[in-house]
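Here's input-v2.txt, which has compact mmCIF, C-alpha atoms and all ligand atoms:
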```txt
# COMPACT_ATOMS: atom_id res chain seq x y z
CA MET A 196 -32.26 -8.42 -6.51
CA ASN A 197 -28.66 -7.73 -7.43
CA ALA A 198 -25.73 -9.04 -5.45
CA ARG A 199 -23.08 -6.59 -4.31
CA LEU A 200 -19.40 -7.09 -5.05
CA GLU A 201 -18.65 -7.22 -1.31
CA ASP A 202 -20.96 -10.22 -0.96
CA LEU A 203 -18.97 -12.35 -3.41
CA PRO A 204 -16.08 -14.61 -2.41
CA ILE A 205 -13.61 -12.32 -4.20
CA ARG A 206 -9.86 -12.42 -3.40
CA ASP A 207 -9.15 -10.44 -0.22
CA ASP A 208 -6.47 -8.40 -1.99
CA LEU A 209 -9.02 -7.19 -4.57
CA ARG A 210 -11.58 -5.99 -2.02
CA GLY A 211 -12.09 -2.22 -2.16
CA GLN A 212 -10.03 -1.79 -5.35
CA THR A 213 -11.32 0.39 -8.20
CA PRO A 214 -10.96 -0.63 -11.86
CA TYR A 215 -9.23 1.49 -14.51
CA GLY A 216 -11.83 4.03 -15.51
CA ALA A 217 -10.82 6.90 -17.78
CA PRO A 218 -14.18 8.37 -18.88
CA GLN A 219 -15.27 7.33 -22.40
CA ALA A 220 -17.70 10.18 -23.03
CA PRO A 221 -18.79 10.80 -26.63
CA LEU A 222 -17.56 14.40 -26.79
CA PRO A 223 -16.55 16.09 -30.05
CA VAL A 224 -12.96 16.69 -28.87
CA ALA A 225 -11.52 13.72 -26.92
CA LEU A 226 -8.01 14.51 -25.71
CA ASN A 227 -7.93 12.43 -22.51
CA VAL A 228 -6.23 9.06 -23.16
CA ASN A 229 -3.32 10.00 -25.43
CA GLU A 230 -4.74 8.37 -28.51
CA ASN A 231 -3.49 9.41 -31.92
CA THR A 232 -6.52 11.39 -33.07
CA HIS A 233 -5.60 10.99 -36.75
CA PRO A 234 -7.31 8.01 -38.41
CA VAL A 235 -5.34 5.27 -40.21
CA PRO A 236 -4.58 6.63 -43.73
CA ASP A 237 -6.91 5.23 -46.44
CA GLU A 238 -4.21 3.48 -48.48
CA VAL A 239 -3.09 1.55 -45.38
CA ALA A 240 -6.65 0.80 -44.31
CA ASP A 241 -7.27 -0.85 -47.71
CA ASP A 242 -4.24 -3.07 -47.32
CA ILE A 243 -5.20 -4.02 -43.74
CA LEU A 244 -8.70 -4.87 -44.92
CA GLY A 245 -7.31 -7.22 -47.57
CA ALA A 246 -5.06 -8.94 -45.04
CA VAL A 247 -7.90 -9.35 -42.55
CA ALA A 248 -10.14 -10.75 -45.29
CA ARG A 249 -7.49 -13.37 -46.17
CA ALA A 250 -7.10 -14.27 -42.49
CA LEU A 251 -10.87 -14.70 -42.22
CA GLY A 252 -10.62 -17.46 -44.80
CA GLY A 253 -8.69 -19.53 -42.26
CA VAL A 254 -10.41 -18.43 -39.09
CA ASN A 255 -11.91 -21.90 -38.50
CA ARG A 256 -8.38 -22.91 -37.41
CA TYR A 257 -6.45 -21.60 -34.38
CA PRO A 258 -3.96 -18.89 -35.33
CA ASP A 259 -0.15 -19.23 -35.40
CA ARG A 260 0.53 -19.47 -31.66
CA GLU A 261 3.98 -17.98 -32.21
CA PHE A 262 2.71 -15.09 -34.42
CA THR A 263 5.91 -15.57 -36.42
CA ALA A 264 5.23 -13.13 -39.26
CA LEU A 265 4.25 -10.40 -36.81
CA ARG A 266 7.36 -10.92 -34.67
CA GLU A 267 9.49 -10.67 -37.80
CA ALA A 268 7.75 -7.44 -38.76
CA PHE A 269 8.35 -5.93 -35.31
CA ALA A 270 12.03 -6.98 -35.39
CA GLU A 271 12.44 -5.25 -38.74
CA TYR A 272 10.65 -2.12 -37.54
CA LEU A 273 12.75 -1.86 -34.36
CA GLY A 274 16.11 -2.60 -36.02
CA HIS A 275 19.00 -2.61 -33.51
CA GLY A 276 20.04 -6.06 -34.75
CA LEU A 277 16.94 -7.70 -33.26
CA ASP A 278 15.38 -10.79 -34.74
CA ARG A 279 12.07 -12.51 -34.06
CA ASP A 280 13.44 -14.59 -31.16
CA GLY A 281 13.88 -11.35 -29.20
CA ILE A 282 10.32 -10.10 -29.79
CA TRP A 283 7.05 -10.68 -27.93
CA ALA A 284 3.60 -9.20 -28.57
CA ALA A 285 0.11 -9.24 -27.10
CA ASN A 286 -3.25 -7.44 -27.10
CA GLY A 287 -1.92 -4.02 -26.18
CA SER A 288 1.26 -3.37 -24.26
CA ASN A 289 -0.93 -3.66 -21.16
CA GLU A 290 -1.14 -7.39 -21.81
CA VAL A 291 2.57 -7.54 -22.61
CA LEU A 292 3.28 -5.92 -19.22
CA GLN A 293 0.84 -8.30 -17.55
CA HIS A 294 2.77 -11.24 -19.00
CA VAL A 295 6.00 -9.83 -17.55
CA LEU A 296 4.35 -9.44 -14.13
CA GLN A 297 2.79 -12.91 -14.24
CA ALA A 298 6.18 -14.43 -14.97
CA PHE A 299 8.36 -12.29 -12.69
CA ALA A 300 6.09 -10.75 -10.00
CA GLY A 301 2.94 -12.36 -8.53
CA PRO A 302 2.07 -13.26 -4.93
CA GLY A 303 4.73 -12.41 -2.35
CA ARG A 304 6.70 -10.32 -4.85
CA THR A 305 6.90 -6.58 -5.52
CA ALA A 306 6.81 -4.24 -8.49
CA PHE A 307 8.26 -0.73 -8.31
CA GLY A 308 7.88 2.55 -10.23
CA PHE A 309 8.66 6.25 -9.71
CA ALA A 310 5.35 8.01 -8.94
CA PRO A 311 3.52 9.67 -10.50
CA THR A 312 3.72 7.24 -13.39
CA TYR A 313 1.45 5.16 -15.61
CA SER A 314 -1.67 4.35 -13.57
CA MET A 315 -1.92 0.82 -14.99
CA TYR A 316 1.34 -0.39 -13.40
CA PRO A 317 -0.10 -0.71 -9.87
CA LEU A 318 -3.35 -2.18 -11.20
CA LEU A 319 -1.55 -4.79 -13.30
CA ALA A 320 0.83 -5.60 -10.45
CA ARG A 321 -2.01 -6.08 -7.94
CA GLY A 322 -3.94 -8.13 -10.45
CA THR A 323 -1.13 -10.69 -10.38
CA GLY A 324 -1.12 -10.59 -6.56
CA ALA A 325 2.10 -8.58 -6.34
CA GLU A 326 2.58 -5.57 -4.10
CA TRP A 327 3.16 -2.15 -5.68
CA VAL A 328 5.93 0.05 -4.26
CA ALA A 329 6.05 3.71 -5.29
CA GLY A 330 9.36 5.56 -5.53
CA ARG A 331 9.83 9.34 -5.60
CA ARG A 332 10.61 11.88 -8.32
CA GLU A 333 12.15 15.36 -8.13
CA PRO A 334 9.69 18.30 -7.88
CA ASP A 335 9.94 18.69 -11.69
CA PHE A 336 9.13 14.94 -12.05
CA SER A 337 12.61 13.99 -13.28
CA VAL A 338 14.66 11.17 -11.72
CA MET A 339 18.41 11.35 -11.21
CA PRO A 340 20.67 8.33 -11.81
CA ASP A 341 22.16 8.05 -8.31
CA ASP A 342 18.90 8.68 -6.49
CA ALA A 343 17.01 6.27 -8.77
CA ALA A 344 19.59 3.55 -8.20
CA SER A 345 19.56 3.97 -4.42
CA GLN A 346 15.75 3.95 -4.22
CA VAL A 347 15.64 0.75 -6.28
CA ALA A 348 18.43 -0.85 -4.25
CA ASP A 349 16.52 -0.05 -1.03
CA ALA A 350 13.19 -1.40 -2.34
CA ALA A 351 14.77 -4.55 -3.88
CA PRO A 352 11.76 -5.10 -6.18
CA ASP A 353 11.24 -8.09 -8.47
CA VAL A 354 10.09 -5.89 -11.37
CA VAL A 355 10.93 -2.20 -11.98
CA PHE A 356 8.91 -0.05 -14.38
CA LEU A 357 10.72 2.87 -15.99
CA CYS A 358 8.31 4.84 -18.14
CA ALA A 359 10.49 6.61 -20.72
CA PRO A 360 9.25 9.22 -21.44
CA ASN A 361 6.93 9.19 -18.42
CA ASN A 362 3.15 9.21 -18.47
CA PRO A 363 1.39 11.34 -17.11
CA THR A 364 4.19 13.92 -16.89
CA GLY A 365 5.89 13.69 -20.32
CA THR A 366 9.31 13.68 -18.63
CA PRO A 367 12.28 12.25 -20.58
CA LEU A 368 14.46 9.59 -18.94
CA ASP A 369 18.09 9.22 -19.99
CA LEU A 370 19.94 5.98 -20.67
CA GLU A 371 22.38 6.67 -17.84
CA THR A 372 19.53 6.45 -15.31
CA ILE A 373 18.16 3.28 -16.90
CA ALA A 374 21.59 1.61 -16.78
CA ALA A 375 22.09 2.72 -13.17
CA VAL A 376 18.74 1.22 -12.14
CA TYR A 377 19.58 -2.02 -13.92
CA ASP A 378 22.85 -2.29 -12.01
CA ALA A 379 21.03 -1.60 -8.72
CA THR A 380 18.65 -4.58 -8.91
CA ASP A 381 18.52 -8.31 -9.54
CA GLY A 382 14.95 -7.93 -10.78
CA VAL A 383 13.51 -7.42 -14.24
CA VAL A 384 13.72 -3.83 -15.52
CA VAL A 385 10.92 -2.83 -17.90
CA VAL A 386 11.56 0.30 -19.96
CA ASP A 387 8.15 1.36 -21.27
CA GLU A 388 8.77 3.29 -24.50
CA ALA A 389 5.08 3.75 -25.38
CA TYR A 390 5.86 7.29 -26.56
CA GLN A 391 9.36 6.84 -27.98
CA GLU A 392 8.34 7.89 -31.50
CA PHE A 393 7.36 11.36 -30.17
CA ALA A 394 10.80 12.02 -28.64
CA PRO A 395 13.33 14.17 -30.55
CA ARG A 396 14.52 12.29 -33.64
CA ASP A 397 18.08 11.51 -32.53
CA THR A 398 17.09 10.27 -29.04
CA PRO A 399 18.66 6.84 -28.45
CA SER A 400 16.22 4.09 -27.43
CA ALA A 401 16.80 1.79 -24.47
CA LEU A 402 17.02 -0.90 -27.18
CA THR A 403 20.69 0.13 -27.42
CA LEU A 404 21.13 -1.09 -23.82
CA LEU A 405 19.68 -4.58 -24.38
CA PRO A 406 22.81 -6.52 -25.42
CA GLY A 407 24.29 -8.16 -22.32
CA ARG A 408 21.36 -7.15 -20.08
CA GLU A 409 19.23 -10.28 -19.98
CA ARG A 410 16.89 -8.91 -17.27
CA MET A 411 15.92 -5.84 -19.33
CA VAL A 412 12.74 -5.47 -21.37
CA VAL A 413 11.86 -2.61 -23.73
CA SER A 414 8.13 -2.38 -24.38
CA ARG A 415 6.36 -0.45 -27.12
CA THR A 416 2.81 -0.08 -28.39
CA MET A 417 1.02 0.52 -31.68
CA SER A 418 -1.66 2.44 -29.75
CA LYS A 419 -0.05 5.88 -29.82
CA ALA A 420 2.29 6.76 -32.69
CA PHE A 421 0.79 4.08 -34.96
CA ALA A 422 -2.81 5.27 -34.53
CA PHE A 423 -3.86 1.70 -33.74
CA ALA A 424 -5.30 1.89 -30.19
CA GLY A 425 -8.53 0.14 -31.17
CA ALA A 426 -6.70 -2.85 -32.65
CA ARG A 427 -4.95 -3.61 -29.32
CA VAL A 428 -1.35 -4.43 -30.22
CA GLY A 429 1.69 -3.98 -27.97
CA TYR A 430 5.11 -5.60 -28.10
CA LEU A 431 8.48 -5.84 -26.41
CA ALA A 432 12.09 -6.67 -27.13
CA ALA A 433 14.22 -8.69 -24.71
CA ASP A 434 16.64 -11.59 -24.45
CA PRO A 435 15.10 -14.75 -26.00
CA ALA A 436 15.38 -16.51 -22.62
CA LEU A 437 13.19 -13.86 -20.99
CA ILE A 438 10.65 -14.30 -23.76
CA ASP A 439 10.58 -18.04 -23.03
CA ALA A 440 9.40 -17.10 -19.52
CA LEU A 441 6.46 -15.19 -21.04
CA ARG A 442 5.42 -18.29 -23.01
CA LEU A 443 4.75 -19.95 -19.64
CA VAL A 444 2.00 -17.50 -18.71
CA ARG A 445 0.33 -16.40 -21.96
CA LEU A 446 -2.95 -17.97 -22.97
CA PRO A 447 -2.55 -20.27 -25.95
CA TYR A 448 -3.35 -18.42 -29.21
CA HIS A 449 -3.66 -15.12 -27.33
CA LEU A 450 -3.22 -13.04 -30.51
CA SER A 451 -6.13 -13.68 -32.87
CA ALA A 452 -5.52 -14.37 -36.55
CA LEU A 453 -7.30 -11.09 -37.35
CA THR A 454 -5.08 -9.09 -35.01
CA GLN A 455 -1.93 -10.70 -36.37
CA ALA A 456 -3.00 -9.99 -39.95
CA ALA A 457 -4.00 -6.39 -39.25
CA ALA A 458 -0.84 -5.54 -37.32
CA THR A 459 1.51 -7.20 -39.80
CA ALA A 460 -0.15 -5.33 -42.69
CA ALA A 461 0.04 -2.03 -40.79
CA LEU A 462 3.75 -2.53 -40.04
CA GLY A 463 4.37 -2.95 -43.75
CA HIS A 464 3.39 0.73 -43.99
CA ALA A 465 5.25 1.97 -40.93
CA ASP A 466 6.34 5.21 -42.63
CA THR A 467 2.79 6.11 -43.63
CA MET A 468 1.37 5.03 -40.28
CA LEU A 469 3.86 7.29 -38.52
CA ARG A 470 3.26 10.17 -40.91
CA MET A 471 1.27 12.25 -38.43
CA VAL A 472 3.83 12.02 -35.62
CA GLY A 473 5.63 15.18 -36.76
CA ASP A 474 2.36 17.07 -36.93
CA ILE A 475 1.35 15.89 -33.45
CA VAL A 476 4.72 17.02 -32.07
CA GLU A 477 4.11 20.46 -33.61
CA GLN A 478 0.69 20.64 -31.96
CA ARG A 479 2.25 19.59 -28.63
CA GLU A 480 4.76 22.44 -28.87
CA ARG A 481 2.02 24.92 -29.80
CA ILE A 482 -0.13 23.74 -26.87
CA SER A 483 2.80 24.16 -24.46
CA ALA A 484 3.65 27.63 -25.75
CA THR A 485 0.02 28.77 -25.56
CA LEU A 486 -0.50 27.29 -22.08
CA ASP A 487 2.55 29.22 -20.96
CA ALA A 488 1.18 32.44 -22.49
CA LEU A 489 -2.14 31.84 -20.70
CA GLY A 490 -0.33 31.73 -17.35
CA TYR A 491 -0.19 27.95 -16.82
CA GLU A 492 2.96 25.90 -16.22
CA PRO A 493 3.45 23.27 -18.92
CA TYR A 494 6.18 20.65 -18.37
CA GLU A 495 8.70 19.60 -20.97
CA SER A 496 7.15 16.68 -22.88
CA TRP A 497 8.65 14.05 -25.18
CA THR A 498 5.23 12.46 -25.71
CA ASN A 499 1.95 13.27 -27.47
CA PHE A 500 0.50 15.03 -24.41
CA VAL A 501 1.23 17.95 -22.11
CA LEU A 502 0.95 18.04 -18.32
CA PHE A 503 0.40 21.55 -17.03
CA GLY A 504 0.37 23.02 -13.55
CA GLY A 505 -0.92 26.31 -12.21
CA VAL A 506 -4.56 25.23 -12.40
CA ASP A 507 -6.54 26.81 -9.60
CA GLU A 508 -9.18 24.06 -9.35
CA PRO A 509 -8.50 21.18 -11.76
CA ARG A 510 -11.90 19.57 -11.18
CA ALA A 511 -13.76 22.78 -12.06
CA THR A 512 -11.61 23.45 -15.12
CA TRP A 513 -12.03 19.85 -16.30
CA GLN A 514 -15.81 20.21 -15.95
CA ALA A 515 -15.90 23.60 -17.70
CA LEU A 516 -14.00 22.10 -20.65
CA TYR A 517 -16.30 19.07 -20.61
CA ASP A 518 -19.30 21.38 -20.82
CA ARG A 519 -17.71 22.91 -23.94
CA GLY A 520 -17.37 19.47 -25.55
CA ILE A 521 -13.69 18.93 -24.71
CA LEU A 522 -12.48 15.94 -22.73
CA ILE A 523 -9.03 16.11 -21.08
CA ARG A 524 -7.61 14.26 -18.05
CA ASP A 525 -7.46 15.04 -14.36
CA VAL A 526 -4.62 12.71 -13.37
CA GLY A 527 -4.99 13.42 -9.66
CA ILE A 528 -1.92 15.67 -9.28
CA PRO A 529 -3.05 18.76 -7.32
CA HIS A 530 -3.32 21.90 -9.52
CA HIS A 531 -2.46 19.96 -12.68
CA LEU A 532 -4.28 18.67 -15.77
CA ARG A 533 -3.11 16.66 -18.77
CA VAL A 534 -4.14 17.16 -22.40
CA THR A 535 -3.38 15.02 -25.45
CA ALA A 536 -2.09 16.82 -28.55
CA GLY A 537 -4.81 16.38 -31.16
CA THR A 538 -5.19 17.55 -34.73
CA GLY A 539 -4.62 21.27 -35.33
CA ALA A 540 -8.37 21.93 -35.10
CA GLU A 541 -8.81 19.90 -31.92
CA SER A 542 -5.82 21.54 -30.26
CA THR A 543 -7.16 24.97 -31.18
CA ALA A 544 -10.61 24.08 -29.80
CA PHE A 545 -9.00 23.09 -26.50
CA LEU A 546 -6.81 26.20 -26.28
CA ASP A 547 -9.66 28.57 -27.18
CA ALA A 548 -11.98 26.96 -24.65
CA LEU A 549 -9.34 27.09 -21.93
CA ALA A 550 -8.62 30.76 -22.68
CA SER A 551 -12.33 31.51 -22.27
CA ILE A 552 -12.40 29.79 -18.85
CA ASP A 553 -9.45 31.71 -17.33
CA SER A 554 -8.63 29.34 -14.47
CA ALA A 555 -4.90 29.90 -14.11
CA ALA A 556 -3.95 30.17 -10.44
C1 LIG B 1 -0.86 4.22 -23.55
C2 LIG B 1 0.23 3.57 -22.78
C3 LIG B 1 0.52 2.22 -22.99
C4 LIG B 1 -0.19 1.49 -24.08
O1 LIG B 1 -1.15 0.66 -23.72
P1 LIG B 1 -1.78 -0.31 -24.81
O2 LIG B 1 -2.27 -1.42 -23.95
O3 LIG B 1 -0.70 -0.74 -25.75
O4 LIG B 1 -2.85 0.46 -25.50
C5 LIG B 1 1.56 1.65 -22.31
N1 LIG B 1 2.31 2.37 -21.45
C6 LIG B 1 2.06 3.68 -21.24
C7 LIG B 1 2.93 4.43 -20.33
C8 LIG B 1 1.02 4.31 -21.89
O5 LIG B 1 0.78 5.59 -21.68
```

If you convert what's in this file into structure tokens, what do you get?
Amino acid sequence: MNARLEDLPIRDDLRGQTPYGAPQAPLPVALNVNENTHPVPDEVADDILGAVARALGGVNRYPDREFTALREAFAEYLGHGLDRDGIWAANGSNEVLQHVLQAFAGPGRTAFGFAPTYSMYPLLARGTGAEWVAGRREPDFSVMPDDAASQVADAAPDVVFLCAPNNPTGTPLDLETIAAVYDATDGVVVVDEAYQEFAPRDTPSALTLLPGRERMVVSRTMSKAFAFAGARVGYLAADPALIDALRLVRLPYHLSALTQAAATAALGHADTMLRMVGDIVEQRERISATLDALGYEPYESWTNFVLFGGVDEPRATWQALYDRGILIRDVGIPHHLRVTAGTGAESTAFLDALASIDSAA
């Protein structure tokens, strides 16, 4: 006899919640969770393997709790005058964001974001016992500086998430809006730049805003542009004092010696690791143009995915693609679907299958 979840003495605020659950179906073309579908290049994989093998030699000991070499590697990769004291990392940027929430949100506090946005923000916030407050976007999913600032001032949250560019919509967010939101709150402002490497080359990062803004955090991940989702490595840059707050909530030795070795080795080949970004951006543009030609309404995207509207019945279209071996994402926005830009062949498979379905409204 199996117990039911409802029968357990679980926290009241977790009752009735559903876990994160993007389908992990073994389909030939998986374009649903914005992974980089290009594998790690062989020459980098060899180097990572060597580094992991060396780390294994010392795996009887706890790893460097301060992951010093890795923080130095991230500081060098990010530039902007950062050094290791201004860097934090964890097992995916999801854990990095969880650390921020554990330190600055939690019971009796609130976290805020402009919906629709990354589905993990509310889950992570509630997991720490904080309340999630959803702000509003324009009909085209953009946010304007004055409106953003007044919504944040009204909500007075403890933590604000600004997803730049935004998932699941792909929408860019300018620095003016970020600065306006910062000035409108006394809370911590997290700028999630998970997709920054896919933005146009000359786009300034929110890293340029960090000096003098000690409540601002800029988070990044190796999961997307770096083709490293399976290794689970995310990081952030912030004032060293803010990072001291994160040390209060992390588990000791949270980054394994193997993870530290693999990520540091991969960062030594940043240019090679990022080699496919340009190709993915080309596929994204081709997907958008073709969706438009097929009668759908793709949104401007600065990421590795495209949100498109004009879908008569998203559920039916999602299923029809699934039946053709192609997995994309129904993000719950009526008449919309989201697709990750894959390799040329994967993107073509998606576009051909969609054309054969003919489900534009
Ligand atoms: C994919 C994604 C992340 C990355 O999560 P990881 O835990 O680093 O894999 C973070 N933020 C957004 C908005 C994302 O889409």

Could you tell me, counting all atoms listed in the file, which protein and nucleic acid residues lie no more than 7 Å from ligand LIG 1 (chain B), written as a compact mmCIF listing (two decimals) with C-alpha atoms, in the coordinates of the input?
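And here's result_29.txt as it stands now:
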```
# COMPACT_ATOMS: atom_id res chain seq x y z
CA ASN A 229 -3.32 10.00 -25.43
CA ASN A 286 -3.25 -7.44 -27.10
CA GLY A 287 -1.92 -4.02 -26.18
CA SER A 288 1.26 -3.37 -24.26
CA ASN A 289 -0.93 -3.66 -21.16
CA GLU A 290 -1.14 -7.39 -21.81
CA TYR A 313 1.45 5.16 -15.61
CA CYS A 358 8.31 4.84 -18.14
CA ASN A 361 6.93 9.19 -18.42
CA ASN A 362 3.15 9.21 -18.47
CA ASP A 387 8.15 1.36 -21.27
CA ALA A 389 5.08 3.75 -25.38
CA THR A 416 2.81 -0.08 -28.39
CA MET A 417 1.02 0.52 -31.68
CA SER A 418 -1.66 2.44 -29.75
CA LYS A 419 -0.05 5.88 -29.82
CA ALA A 424 -5.30 1.89 -30.19
CA ARG A 427 -4.95 -3.61 -29.32
CA VAL A 428 -1.35 -4.43 -30.22
CA GLY A 429 1.69 -3.98 -27.97
```

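Comparing the minimum interatomic distances between A:Val239 and each of A:Ser337, A:Thr467, A:Gln478, A:Ser496, counting only C-alpha atoms, we find that A:Thr467 sits nearest.
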
Considering only C-alpha atoms, state which residue in the set A:Thr323, A:Arg249, A:Ile528, A:Tyr430 is at the smallest distance from A:Phe336.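 Between A:Thr323, A:Arg249, A:Ile528, A:Tyr430, the residue approaching A:Phe336 most closely is A:Ile528.
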
Suppose you want the space between atom CA of A:Phe423 and atom CA of A:Pro234; what is it in Å? 8.6 Å

Which residue is closest to A:Leu462? Choose from A:Val476, A:Ala248, A:Glu409, A:Leu273 and count all atoms listed in the file. A:Leu273

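Across A:Ala511, A:Ala270, A:Val506, A:Ala536, the tightest approach to A:Leu431 is made by A:Ala270 when counting only C-alpha atoms.
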